[in-house]
file my_file-v7.csv (CSV, C-alpha atoms and all ligand atoms)
chain,number,residue,atom,x,y,z
K,1,MET,CA,0.0,0.0,0.0
K,2,LYS,CA,1.3,3.4,-0.9
K,3,VAL,CA,1.1,6.5,1.3
K,4,LYS,CA,2.0,9.8,-0.2
K,5,LEU,CA,3.4,12.3,2.3
K,6,PHE,CA,2.6,16.0,1.4
K,7,ASN,CA,4.5,17.3,4.5
K,8,LYS,CA,7.2,16.0,6.8
K,9,ILE,CA,5.3,13.7,9.3
K,10,ALA,CA,6.7,12.9,12.7
K,11,GLU,CA,8.6,9.7,12.7
K,12,ALA,CA,6.4,8.1,15.4
K,13,GLY,CA,3.5,8.2,12.9
K,14,ILE,CA,5.5,6.4,10.1
K,15,GLN,CA,6.6,3.8,12.6
K,16,GLN,CA,3.0,2.8,13.2
K,17,PHE,CA,2.8,1.2,9.8
K,18,ASP,CA,3.9,-2.4,9.1
K,19,GLU,CA,6.8,-1.7,6.6
K,20,THR,CA,6.2,-5.0,4.9
K,21,LYS,CA,2.8,-3.7,3.8
K,22,TYR,CA,3.2,0.1,3.4
K,23,SER,CA,5.6,2.3,1.6
K,24,PHE,CA,6.0,6.1,1.8
K,25,SER,CA,7.1,8.8,-0.6
K,26,GLU,CA,6.6,12.4,-1.5
K,27,ASP,CA,6.9,11.4,-5.2
K,28,PHE,CA,4.3,8.7,-5.8
K,29,ASP,CA,1.9,9.3,-8.7
K,30,ASP,CA,-0.6,6.6,-7.8
K,31,TYR,CA,-1.2,6.0,-4.1
K,32,ASP,CA,-3.8,4.6,-1.7
K,33,ALA,CA,-3.6,7.3,1.0
K,34,ILE,CA,-2.3,10.8,1.8
K,35,MET,CA,-0.9,12.0,5.0
K,36,VAL,CA,-0.8,15.7,5.2
K,37,ARG,CA,-0.2,18.5,7.7
K,38,SER,CA,-0.7,22.0,6.3
K,39,ALA,CA,0.0,21.6,2.6
K,40,LYS,CA,-3.0,22.8,0.5
K,41,LEU,CA,-4.4,20.0,-1.6
K,42,HIS,CA,-7.0,22.0,-3.6
K,43,ASP,CA,-5.0,21.9,-6.8
K,44,VAL,CA,-3.8,18.3,-6.5
K,45,ALA,CA,-5.3,15.9,-9.2
K,46,PHE,CA,-6.1,12.8,-7.1
K,47,PRO,CA,-5.4,9.5,-8.7
K,48,ALA,CA,-8.2,6.9,-9.0
K,49,SER,CA,-6.3,4.7,-6.5
K,50,LEU,CA,-6.7,7.2,-3.7
K,51,LYS,CA,-9.0,6.0,-0.9
K,52,CYS,CA,-8.4,8.3,2.1
K,53,ILE,CA,-6.6,11.4,3.3
K,54,ALA,CA,-5.5,11.8,6.9
K,55,ARG,CA,-4.8,15.3,8.1
K,56,ALA,CA,-2.4,15.3,11.0
K,57,GLY,CA,-4.2,18.2,12.8
K,58,ALA,CA,-7.7,19.5,13.6
K,59,GLY,CA,-8.7,21.9,10.8
K,60,VAL,CA,-9.4,20.4,7.3
K,61,ASN,CA,-9.6,23.6,5.3
K,62,ASN,CA,-6.5,22.7,3.4
K,63,ILE,CA,-8.4,19.8,1.9
K,64,PRO,CA,-11.0,20.0,-0.9
K,65,LEU,CA,-13.9,18.3,0.9
K,66,ASP,CA,-16.4,18.5,-1.9
K,67,LYS,CA,-14.0,17.0,-4.4
K,68,CYS,CA,-13.2,14.2,-1.9
K,69,SER,CA,-16.9,13.3,-1.4
K,70,GLU,CA,-17.5,13.4,-5.1
K,71,GLN,CA,-14.6,11.0,-5.6
K,72,GLY,CA,-15.5,8.7,-2.6
K,73,ILE,CA,-12.3,9.7,-0.8
K,74,VAL,CA,-12.6,9.5,3.0
K,75,VAL,CA,-11.0,12.4,4.9
K,76,PHE,CA,-9.8,12.0,8.5
K,77,ASN,CA,-8.5,14.6,11.0
K,78,THR,CA,-7.0,14.0,14.5
K,79,PRO,CA,-9.4,15.8,16.9
K,80,GLY,CA,-7.9,16.2,20.4
K,81,ALA,CA,-4.4,15.1,19.4
K,82,ASN,CA,-3.2,18.7,19.6
K,83,ALA,CA,-5.6,20.0,22.2
K,84,ASN,CA,-3.1,20.2,25.0
K,85,ALA,CA,-0.7,22.1,22.9
K,86,VAL,CA,-3.3,24.7,21.9
K,87,LYS,CA,-4.7,24.9,25.4
K,88,GLU,CA,-1.2,25.7,26.9
K,89,LEU,CA,-0.7,28.4,24.3
K,90,VAL,CA,-4.2,29.9,24.8
K,91,ILE,CA,-3.6,30.1,28.6
K,92,ALA,CA,-0.3,31.8,27.9
K,93,ALA,CA,-2.1,34.2,25.5
K,94,LEU,CA,-4.8,35.0,28.0
K,95,ILE,CA,-2.2,36.1,30.4
K,96,LEU,CA,-0.2,37.9,27.7
K,97,SER,CA,-3.3,39.7,26.5
K,98,GLY,CA,-3.5,41.7,29.7
K,99,ARG,CA,-0.1,41.6,31.3
K,100,LYS,CA,2.3,43.5,29.0
K,101,ILE,CA,4.9,40.8,28.9
K,102,ALA,CA,5.5,40.7,25.2
K,103,GLN,CA,5.8,44.5,25.0
K,104,GLY,CA,8.0,44.5,28.1
K,105,VAL,CA,10.3,41.8,26.6
K,106,ASN,CA,10.7,43.7,23.4
K,107,TRP,CA,11.4,46.9,25.3
K,108,VAL,CA,14.1,45.2,27.4
K,109,LYS,CA,15.7,44.0,24.1
K,110,SER,CA,15.6,47.6,22.8
K,111,LEU,CA,17.6,48.8,25.7
K,112,GLU,CA,20.9,47.4,24.5
K,113,GLY,CA,23.7,49.9,25.1
K,114,GLU,CA,22.0,51.3,28.2
K,115,ASP,CA,22.3,50.3,31.8
K,116,ILE,CA,19.5,47.8,31.6
K,117,SER,CA,19.0,47.2,35.3
K,118,LYS,CA,18.6,50.9,36.0
K,119,ALA,CA,16.3,51.4,32.9
K,120,VAL,CA,14.1,48.5,34.1
K,121,GLU,CA,13.5,50.0,37.5
K,122,LYS,CA,12.7,53.4,35.9
K,123,GLY,CA,10.6,52.2,33.1
K,124,LYS,CA,8.7,49.1,34.3
K,125,SER,CA,5.6,51.0,35.4
K,126,GLN,CA,4.5,51.4,31.8
K,127,PHE,CA,3.9,47.6,31.7
K,128,VAL,CA,1.4,47.1,34.4
K,129,GLY,CA,-1.5,44.8,33.3
K,130,PRO,CA,-4.4,42.9,34.9
K,131,GLU,CA,-4.6,39.4,36.3
K,132,ILE,CA,-7.0,36.9,34.7
K,133,ALA,CA,-8.3,35.5,38.1
K,134,GLY,CA,-11.8,36.6,38.7
K,135,LYS,CA,-12.4,37.8,35.2
K,136,LYS,CA,-15.1,36.4,32.9
K,137,LEU,CA,-13.9,34.3,30.0
K,138,GLY,CA,-16.2,33.3,27.1
K,139,VAL,CA,-15.2,30.2,25.2
K,140,ILE,CA,-16.9,29.9,21.8
K,141,GLY,CA,-16.9,26.2,20.8
K,142,LEU,CA,-16.6,23.4,23.3
K,143,GLY,CA,-14.9,20.7,21.3
K,144,ALA,CA,-11.7,18.9,22.4
K,145,ILE,CA,-9.7,22.2,22.5
K,146,GLY,CA,-12.5,24.5,23.9
K,147,VAL,CA,-13.2,22.1,26.8
K,148,GLN,CA,-9.6,22.0,27.8
K,149,VAL,CA,-9.2,25.7,27.6
K,150,ALA,CA,-12.4,26.2,29.7
K,151,ASN,CA,-11.3,23.8,32.3
K,152,ALA,CA,-7.7,25.2,32.5
K,153,ALA,CA,-9.1,28.8,32.8
K,154,ALA,CA,-11.5,27.7,35.5
K,155,ALA,CA,-8.5,26.2,37.4
K,156,MET,CA,-6.9,29.6,37.2
K,157,ASP,CA,-9.9,31.1,38.8
K,158,MET,CA,-11.5,32.7,35.8
K,159,GLU,CA,-15.3,32.7,35.7
K,160,VAL,CA,-15.9,30.7,32.5
K,161,TYR,CA,-18.9,30.9,30.1
K,162,GLY,CA,-19.0,28.2,27.4
K,163,TYR,CA,-21.1,28.5,24.3
K,164,ASP,CA,-21.7,25.5,21.9
K,165,PRO,CA,-25.1,24.5,20.6
K,166,TYR,CA,-23.6,21.2,19.4
K,167,ILE,CA,-21.6,20.1,22.4
K,168,SER,CA,-21.1,16.4,22.5
K,169,VAL,CA,-22.1,14.3,25.5
K,170,GLN,CA,-18.5,13.3,26.0
K,171,ALA,CA,-17.4,17.0,26.1
K,172,ALA,CA,-20.2,17.9,28.4
K,173,TRP,CA,-19.1,15.2,30.8
K,174,THR,CA,-15.5,16.4,30.9
K,175,LEU,CA,-16.5,20.1,31.5
K,176,LYS,CA,-15.9,21.2,35.1
K,177,SER,CA,-19.1,21.8,36.9
K,178,ARG,CA,-18.2,25.5,37.6
K,179,ILE,CA,-18.4,26.4,33.9
K,180,HIS,CA,-21.5,28.2,33.0
K,181,HIS,CA,-23.3,27.3,29.8
K,182,ALA,CA,-24.1,30.5,27.9
K,183,LYS,CA,-27.4,30.1,26.0
K,184,ASP,CA,-26.3,32.2,23.1
K,185,LEU,CA,-23.4,34.1,21.6
K,186,LYS,CA,-24.9,37.4,22.7
K,187,THR,CA,-24.4,36.4,26.3
K,188,ILE,CA,-20.7,35.7,25.6
K,189,PHE,CA,-20.3,39.0,23.7
K,190,GLU,CA,-22.0,41.1,26.3
K,191,GLU,CA,-20.8,39.6,29.5
K,192,CYS,CA,-17.2,38.5,29.1
K,193,ASP,CA,-14.0,40.4,29.7
K,194,TYR,CA,-12.0,37.8,27.6
K,195,ILE,CA,-13.3,35.9,24.6
K,196,THR,CA,-11.6,33.0,22.9
K,197,VAL,CA,-12.9,31.2,19.8
K,198,HIS,CA,-12.5,27.4,19.3
K,199,VAL,CA,-14.7,26.4,16.4
K,200,PRO,CA,-13.7,24.9,13.1
K,201,TYR,CA,-13.7,27.2,10.1
K,202,MET,CA,-16.6,26.6,7.7
K,203,GLU,CA,-19.3,28.6,5.9
K,204,ALA,CA,-21.5,28.6,9.0
K,205,THR,CA,-18.8,29.8,11.3
K,206,LYS,CA,-17.1,32.4,9.0
K,207,ASN,CA,-16.9,35.7,11.0
K,208,ILE,CA,-18.6,34.1,14.0
K,209,VAL,CA,-16.9,37.0,15.8
K,210,SER,CA,-18.7,39.6,13.6
K,211,ALA,CA,-18.9,43.4,13.5
K,212,GLU,CA,-22.3,43.0,15.2
K,213,GLY,CA,-20.8,40.8,17.9
K,214,ILE,CA,-17.8,43.1,18.4
K,215,ALA,CA,-20.2,46.0,18.9
K,216,MET,CA,-21.9,44.1,21.7
K,217,MET,CA,-18.7,43.5,23.6
K,218,LYS,CA,-17.6,45.5,26.7
K,219,ASP,CA,-15.1,48.3,26.1
K,220,GLY,CA,-11.6,47.0,26.8
K,221,VAL,CA,-12.5,43.4,25.9
K,222,ARG,CA,-9.6,41.1,25.2
K,223,VAL,CA,-10.2,38.7,22.2
K,224,LEU,CA,-8.2,35.6,21.2
K,225,ASN,CA,-8.2,33.6,18.0
K,226,PHE,CA,-6.2,30.4,18.0
K,227,ALA,CA,-8.6,28.5,15.8
K,228,ARG,CA,-8.6,29.9,12.2
K,229,GLY,CA,-8.3,33.2,10.4
K,230,GLY,CA,-11.7,34.1,9.0
K,231,LEU,CA,-13.5,33.2,12.3
K,232,VAL,CA,-13.0,36.8,13.4
K,233,ASP,CA,-14.1,39.5,11.0
K,234,ASP,CA,-10.7,41.2,10.6
K,235,GLU,CA,-12.0,44.3,9.0
K,236,ALA,CA,-14.4,44.8,11.9
K,237,MET,CA,-11.6,44.1,14.3
K,238,VAL,CA,-9.4,46.7,12.7
K,239,LYS,CA,-12.2,49.3,13.0
K,240,ALA,CA,-12.8,48.4,16.6
K,241,LEU,CA,-9.1,48.7,17.3
K,242,GLN,CA,-9.0,52.1,15.6
K,243,ALA,CA,-12.0,53.2,17.8
K,244,GLY,CA,-10.2,52.1,20.9
K,245,LYS,CA,-12.8,49.6,21.9
K,246,ILE,CA,-10.5,46.6,22.1
K,247,GLY,CA,-8.2,46.1,25.1
K,248,SER,CA,-6.1,43.6,23.1
K,249,TYR,CA,-6.4,41.0,20.3
K,250,VAL,CA,-4.1,38.0,20.3
K,251,THR,CA,-4.2,36.0,17.1
K,252,ASP,CA,-2.5,33.0,15.6
K,253,PHE,CA,-3.4,34.5,12.2
K,254,PRO,CA,-1.8,38.0,12.1
K,255,THR,CA,-2.3,40.3,9.1
K,256,ASN,CA,-0.5,43.5,8.1
K,257,ALA,CA,-3.6,45.5,8.9
K,258,LEU,CA,-3.9,44.1,12.4
K,259,MET,CA,-0.2,44.4,13.2
K,260,GLN,CA,-0.3,48.2,13.0
K,261,PHE,CA,-1.8,48.2,16.5
K,262,ASP,CA,0.3,48.0,19.7
K,263,ASN,CA,-2.4,46.1,21.5
K,264,VAL,CA,-2.4,43.3,18.8
K,265,ILE,CA,-0.1,40.4,19.5
K,266,GLY,CA,0.5,38.3,16.4
K,267,VAL,CA,1.6,34.7,16.8
K,268,PRO,CA,2.9,32.8,13.7
K,269,HIS,CA,0.3,30.0,13.8
K,270,LEU,CA,2.0,28.1,16.7
K,271,GLY,CA,-1.1,26.6,18.3
K,272,ALA,CA,-0.1,23.0,17.6
K,273,SER,CA,3.6,23.5,17.2
K,274,THR,CA,5.0,21.2,19.9
K,275,PRO,CA,6.9,17.9,19.3
K,276,GLU,CA,4.3,16.2,21.5
K,277,SER,CA,1.4,17.4,19.4
K,278,GLU,CA,3.1,16.6,16.1
K,279,GLU,CA,3.7,13.1,17.3
K,280,ASN,CA,0.2,12.6,18.7
K,281,CYS,CA,-1.4,13.8,15.4
K,282,ALA,CA,0.9,11.7,13.2
K,283,VAL,CA,0.2,8.5,15.3
K,284,MET,CA,-3.5,9.1,15.2
K,285,ALA,CA,-3.5,9.8,11.5
K,286,ALA,CA,-1.5,6.7,10.8
K,287,LYS,CA,-3.9,4.5,12.8
K,288,GLU,CA,-6.9,6.0,11.0
K,289,ILE,CA,-5.4,5.2,7.6
K,290,MET,CA,-4.5,1.6,8.6
K,291,ASP,CA,-7.9,1.0,10.2
K,292,TYR,CA,-9.7,2.2,7.1
K,293,LEU,CA,-7.5,0.5,4.5
K,294,GLU,CA,-7.3,-2.8,6.4
K,295,ASN,CA,-10.6,-3.0,8.1
K,296,GLY,CA,-12.9,-0.5,6.4
K,297,ASN,CA,-13.4,1.3,9.8
K,298,ILE,CA,-14.0,5.1,9.6
K,299,THR,CA,-13.1,7.1,12.7
K,300,HIS,CA,-12.9,10.9,12.9
K,301,SER,CA,-14.0,11.6,9.4
K,401,LIG,C1,-4.8,22.4,13.5
K,401,LIG,O1,-5.7,22.6,12.7
K,401,LIG,O2,-4.5,21.3,13.9
K,401,LIG,C2,-3.9,23.5,14.0
K,401,LIG,O3,-4.4,24.8,13.6
K,401,LIG,C3,-2.5,23.4,13.7
K,401,LIG,C4,-2.2,23.1,12.2
K,401,LIG,O4,-2.8,23.7,11.4
K,401,LIG,O5,-1.4,22.3,12.0
call {"tool": "encode", "arguments": {"input": "my_file-v7.csv", "output": "C-alpha cells"}}
result
Amino acid sequence: MKVKLFNKIAEAGIQQFDETKYSFSEDFDDYDAIMVRSAKLHDVAFPASLKCIARAGAGVNNIPLDKCSEQGIVVFNTPGANANAVKELVIAALILSGRKIAQGVNWVKSLEGEDISKAVEKGKSQFVGPEIAGKKLGVIGLGAIGVQVANAAAAMDMEVYGYDPYISVQAAWTLKSRIHHAKDLKTIFEECDYITVHVPYMEATKNIVSAEGIAMMKDGVRVLNFARGGLVDDEAMVKALQAGKIGSYVTDFPTNALMQFDNVIGVPHLGASTPESEENCAVMAAKEIMDYLENGNITHS
C-alpha cells in the first residue's frame, strides 16, 4: 500500500505502519492514502487509486472536501491530538493579552547599550497589566480544545462561560461543573472580559466574531483567536481597534492591517507547534489510515 506524504510527518507516525505492507514517498503518482499537515491539496489531481486522506491536525480547510466526497475519498482529522498544545498556548495568551509581557520583553531588548537594570526600575511602570483570576472568559466552541481551555481557565480562577449549541455528551461530561453554559453568543459577547474562539472554520462559522458581535462587547474586551483566520471579522476588528474599543487582540493569524496596533499580539500559527502534538497527530492519522485500508473502519472523518 502506498502512502503519499505531502509534508514531513513525525517519525512516530510512520513507525505505526507495518513496513512490509506500506511504503511512503513524497513522489508517488498513484497511491492509496495521503498523510498531510498544512499543505494545500486543492489543486492536486487525485489518482483513482486514492482511498483516504488523513490530516495530522484538527482543521481540514487545506483539503477540498467537496471534491473528496464526489470521488469517494474519506477524509480524517485528528481531533484532540493537539488539544493540550493549543490549550497551553491559549492560557499563555490569556495572560499575555493583559499583562504587557510581550511588550516588556521587546522593550528590554531595545535597551541594548543602556544600563538595563537601571532602565528597568525606571521604566517598568508602563507595563502594568491585569490578572486573569476573577475575570469572565467566554469560550466559543466546546470541542476537544475549547473544553480543555475552559477547564484550565477555571482552574486559574476565571469565571468561564462556554457556548456551543452542538456540544457532545462526552465533552459535556468532561467540563468542570463550575463552567456556565451560555445560552447564546450574545451572552458571551455582552458579559465577558476575555473571549476566545475554538470552532472549526466553515461557511456557517465564518466571521462568528462579527462586526455586530464586536459592537456588543464590553469596552476594553480582550479577544483571542487560536482556531482559524476568518472566524474573526478582521475588517471589523481593525475598525474596533481604531475606535479604541478593544483592550487587546491576540491572534495566531496575524495580518498587516492588524499588526499596526500596539495592542495586537500576532503569533505565527503556533497553536499546535510542539513535538508532542506533532507526534500525537501523526500517530492518530497513521492509525486512521490503517484501520480504514485494512478493516474499512472510519473514525474521525
Ligand atoms: C490544526 O488545525 O490542527 C492547527 O491549527 C494546527 C495546524 O494547522 O497544523
call {"tool": "residues_around", "arguments": {"input": "my_file-v7.csv", "residues": "range 90-93 of chain K", "least_positions_apart": "3", "cutoff": "12 Å", "atoms": "all atoms listed in the file", "output": "ChimeraX atom specification"}}
result
/K:83-87,96-102,132-133,137,139,145-146,148-156,158,194-198,222-227,248-252,264-267,269-272
call {"tool": "atom_distance", "arguments": {"input": "my_file-v7.csv", "atom1": "CA of Asp184 in chain K", "atom2": "CA of Gly162 in chain K"}}
result
9.4 Å
call {"tool": "residues_near_ligand", "arguments": {"input": "my_file-v7.csv", "ligand": "ligand LIG 401 (chain K)", "cutoff": "9 Å", "atoms": "all atoms listed in the file", "output": "VMD selection string"}}
result
chain K and resid 37 to 38 55 to 62 77 to 83 86 200 226 to 228 252 269 to 273 277 to 278 281
call {"tool": "atom_distance", "arguments": {"input": "my_file-v7.csv", "atom1": "CA of Lys239 in chain K", "atom2": "CA of Glu212 in chain K"}}
result
12.1 Å
call {"tool": "closest_residue", "arguments": {"input": "my_file-v7.csv", "among": "K:Leu50, K:Val160, K:Ala211, K:Ile140", "to": "Asp193 in chain K", "atoms": "only C-alpha atoms"}}
result
K:Val160
call {"tool": "build_atoms", "arguments": {"input": "my_file-v7.csv", "residues": "range 199-221 of chain K", "atoms": "N, CA and C atoms", "output": "mmCIF file, keeping the file's coordinate frame"}}
result
data_model
loop_
_atom_site.group_PDB
_atom_site.id
_atom_site.type_symbol
_atom_site.label_atom_id
_atom_site.label_comp_id
_atom_site.auth_asym_id
_atom_site.auth_seq_id
_atom_site.Cartn_x
_atom_site.Cartn_y
_atom_site.Cartn_z
ATOM 1 N N VAL K 199 -13.878 27.119 17.305
ATOM 2 C CA VAL K 199 -14.700 26.400 16.400
ATOM 3 C C VAL K 199 -13.992 26.103 15.107
ATOM 4 N N PRO K 200 -14.376 25.058 14.351
ATOM 5 C CA PRO K 200 -13.700 24.900 13.100
ATOM 6 C C PRO K 200 -14.171 25.948 12.072
ATOM 7 N N TYR K 201 -13.335 26.227 11.082
ATOM 8 C CA TYR K 201 -13.700 27.200 10.100
ATOM 9 C C TYR K 201 -14.564 26.543 8.997
ATOM 10 N N MET K 202 -15.765 27.056 8.774
ATOM 11 C CA MET K 202 -16.600 26.600 7.700
ATOM 12 C C MET K 202 -17.582 27.732 7.338
ATOM 13 N N GLU K 203 -18.387 27.550 6.305
ATOM 14 C CA GLU K 203 -19.300 28.600 5.900
ATOM 15 C C GLU K 203 -20.108 29.155 7.059
ATOM 16 N N ALA K 204 -20.632 28.231 7.862
ATOM 17 C CA ALA K 204 -21.500 28.600 9.000
ATOM 18 C C ALA K 204 -20.816 29.354 10.096
ATOM 19 N N THR K 205 -19.493 29.183 10.188
ATOM 20 C CA THR K 205 -18.800 29.800 11.300
ATOM 21 C C THR K 205 -17.943 31.018 10.858
ATOM 22 N N LYS K 206 -17.927 31.271 9.546
ATOM 23 C CA LYS K 206 -17.100 32.400 9.000
ATOM 24 C C LYS K 206 -17.569 33.683 9.764
ATOM 25 N N ASN K 207 -16.610 34.467 10.229
ATOM 26 C CA ASN K 207 -16.900 35.700 11.000
ATOM 27 C C ASN K 207 -17.872 35.486 12.134
ATOM 28 N N ILE K 208 -17.702 34.388 12.846
ATOM 29 C CA ILE K 208 -18.600 34.100 14.000
ATOM 30 C C ILE K 208 -18.378 35.269 15.034
ATOM 31 N N VAL K 209 -17.170 35.802 15.066
ATOM 32 C CA VAL K 209 -16.900 37.000 15.800
ATOM 33 C C VAL K 209 -17.094 38.167 14.802
ATOM 34 N N SER K 210 -18.324 38.644 14.671
ATOM 35 C CA SER K 210 -18.700 39.600 13.600
ATOM 36 C C SER K 210 -18.642 41.015 14.070
ATOM 37 N N ALA K 211 -18.878 41.925 13.108
ATOM 38 C CA ALA K 211 -18.900 43.400 13.500
ATOM 39 C C ALA K 211 -20.014 43.575 14.525
ATOM 40 N N GLU K 212 -21.140 42.917 14.304
ATOM 41 C CA GLU K 212 -22.300 43.000 15.200
ATOM 42 C C GLU K 212 -21.888 42.522 16.638
ATOM 43 N N GLY K 213 -21.224 41.379 16.634
ATOM 44 C CA GLY K 213 -20.800 40.800 17.900
ATOM 45 C C GLY K 213 -19.778 41.673 18.604
ATOM 46 N N ILE K 214 -18.832 42.205 17.834
ATOM 47 C CA ILE K 214 -17.800 43.100 18.400
ATOM 48 C C ILE K 214 -18.471 44.307 19.054
ATOM 49 N N ALA K 215 -19.480 44.827 18.352
ATOM 50 C CA ALA K 215 -20.200 46.000 18.900
ATOM 51 C C ALA K 215 -20.850 45.751 20.217
ATOM 52 N N MET K 216 -21.274 44.492 20.437
ATOM 53 C CA MET K 216 -21.900 44.100 21.700
ATOM 54 C C MET K 216 -20.942 44.007 22.864
ATOM 55 N N MET K 217 -19.648 43.868 22.522
ATOM 56 C CA MET K 217 -18.700 43.500 23.600
ATOM 57 C C MET K 217 -18.416 44.723 24.497
ATOM 58 N N LYS K 218 -17.915 44.401 25.687
ATOM 59 C CA LYS K 218 -17.600 45.500 26.700
ATOM 60 C C LYS K 218 -16.376 46.253 26.103
ATOM 61 N N ASP K 219 -16.306 47.523 26.442
ATOM 62 C CA ASP K 219 -15.100 48.300 26.100
ATOM 63 C C ASP K 219 -13.932 47.695 26.824
ATOM 64 N N GLY K 220 -12.813 47.573 26.112
ATOM 65 C CA GLY K 220 -11.600 47.000 26.800
ATOM 66 C C GLY K 220 -11.547 45.501 26.721
ATOM 67 N N VAL K 221 -12.490 44.871 26.011
ATOM 68 C CA VAL K 221 -12.500 43.400 25.900
ATOM 69 C C VAL K 221 -11.201 42.886 25.306
#
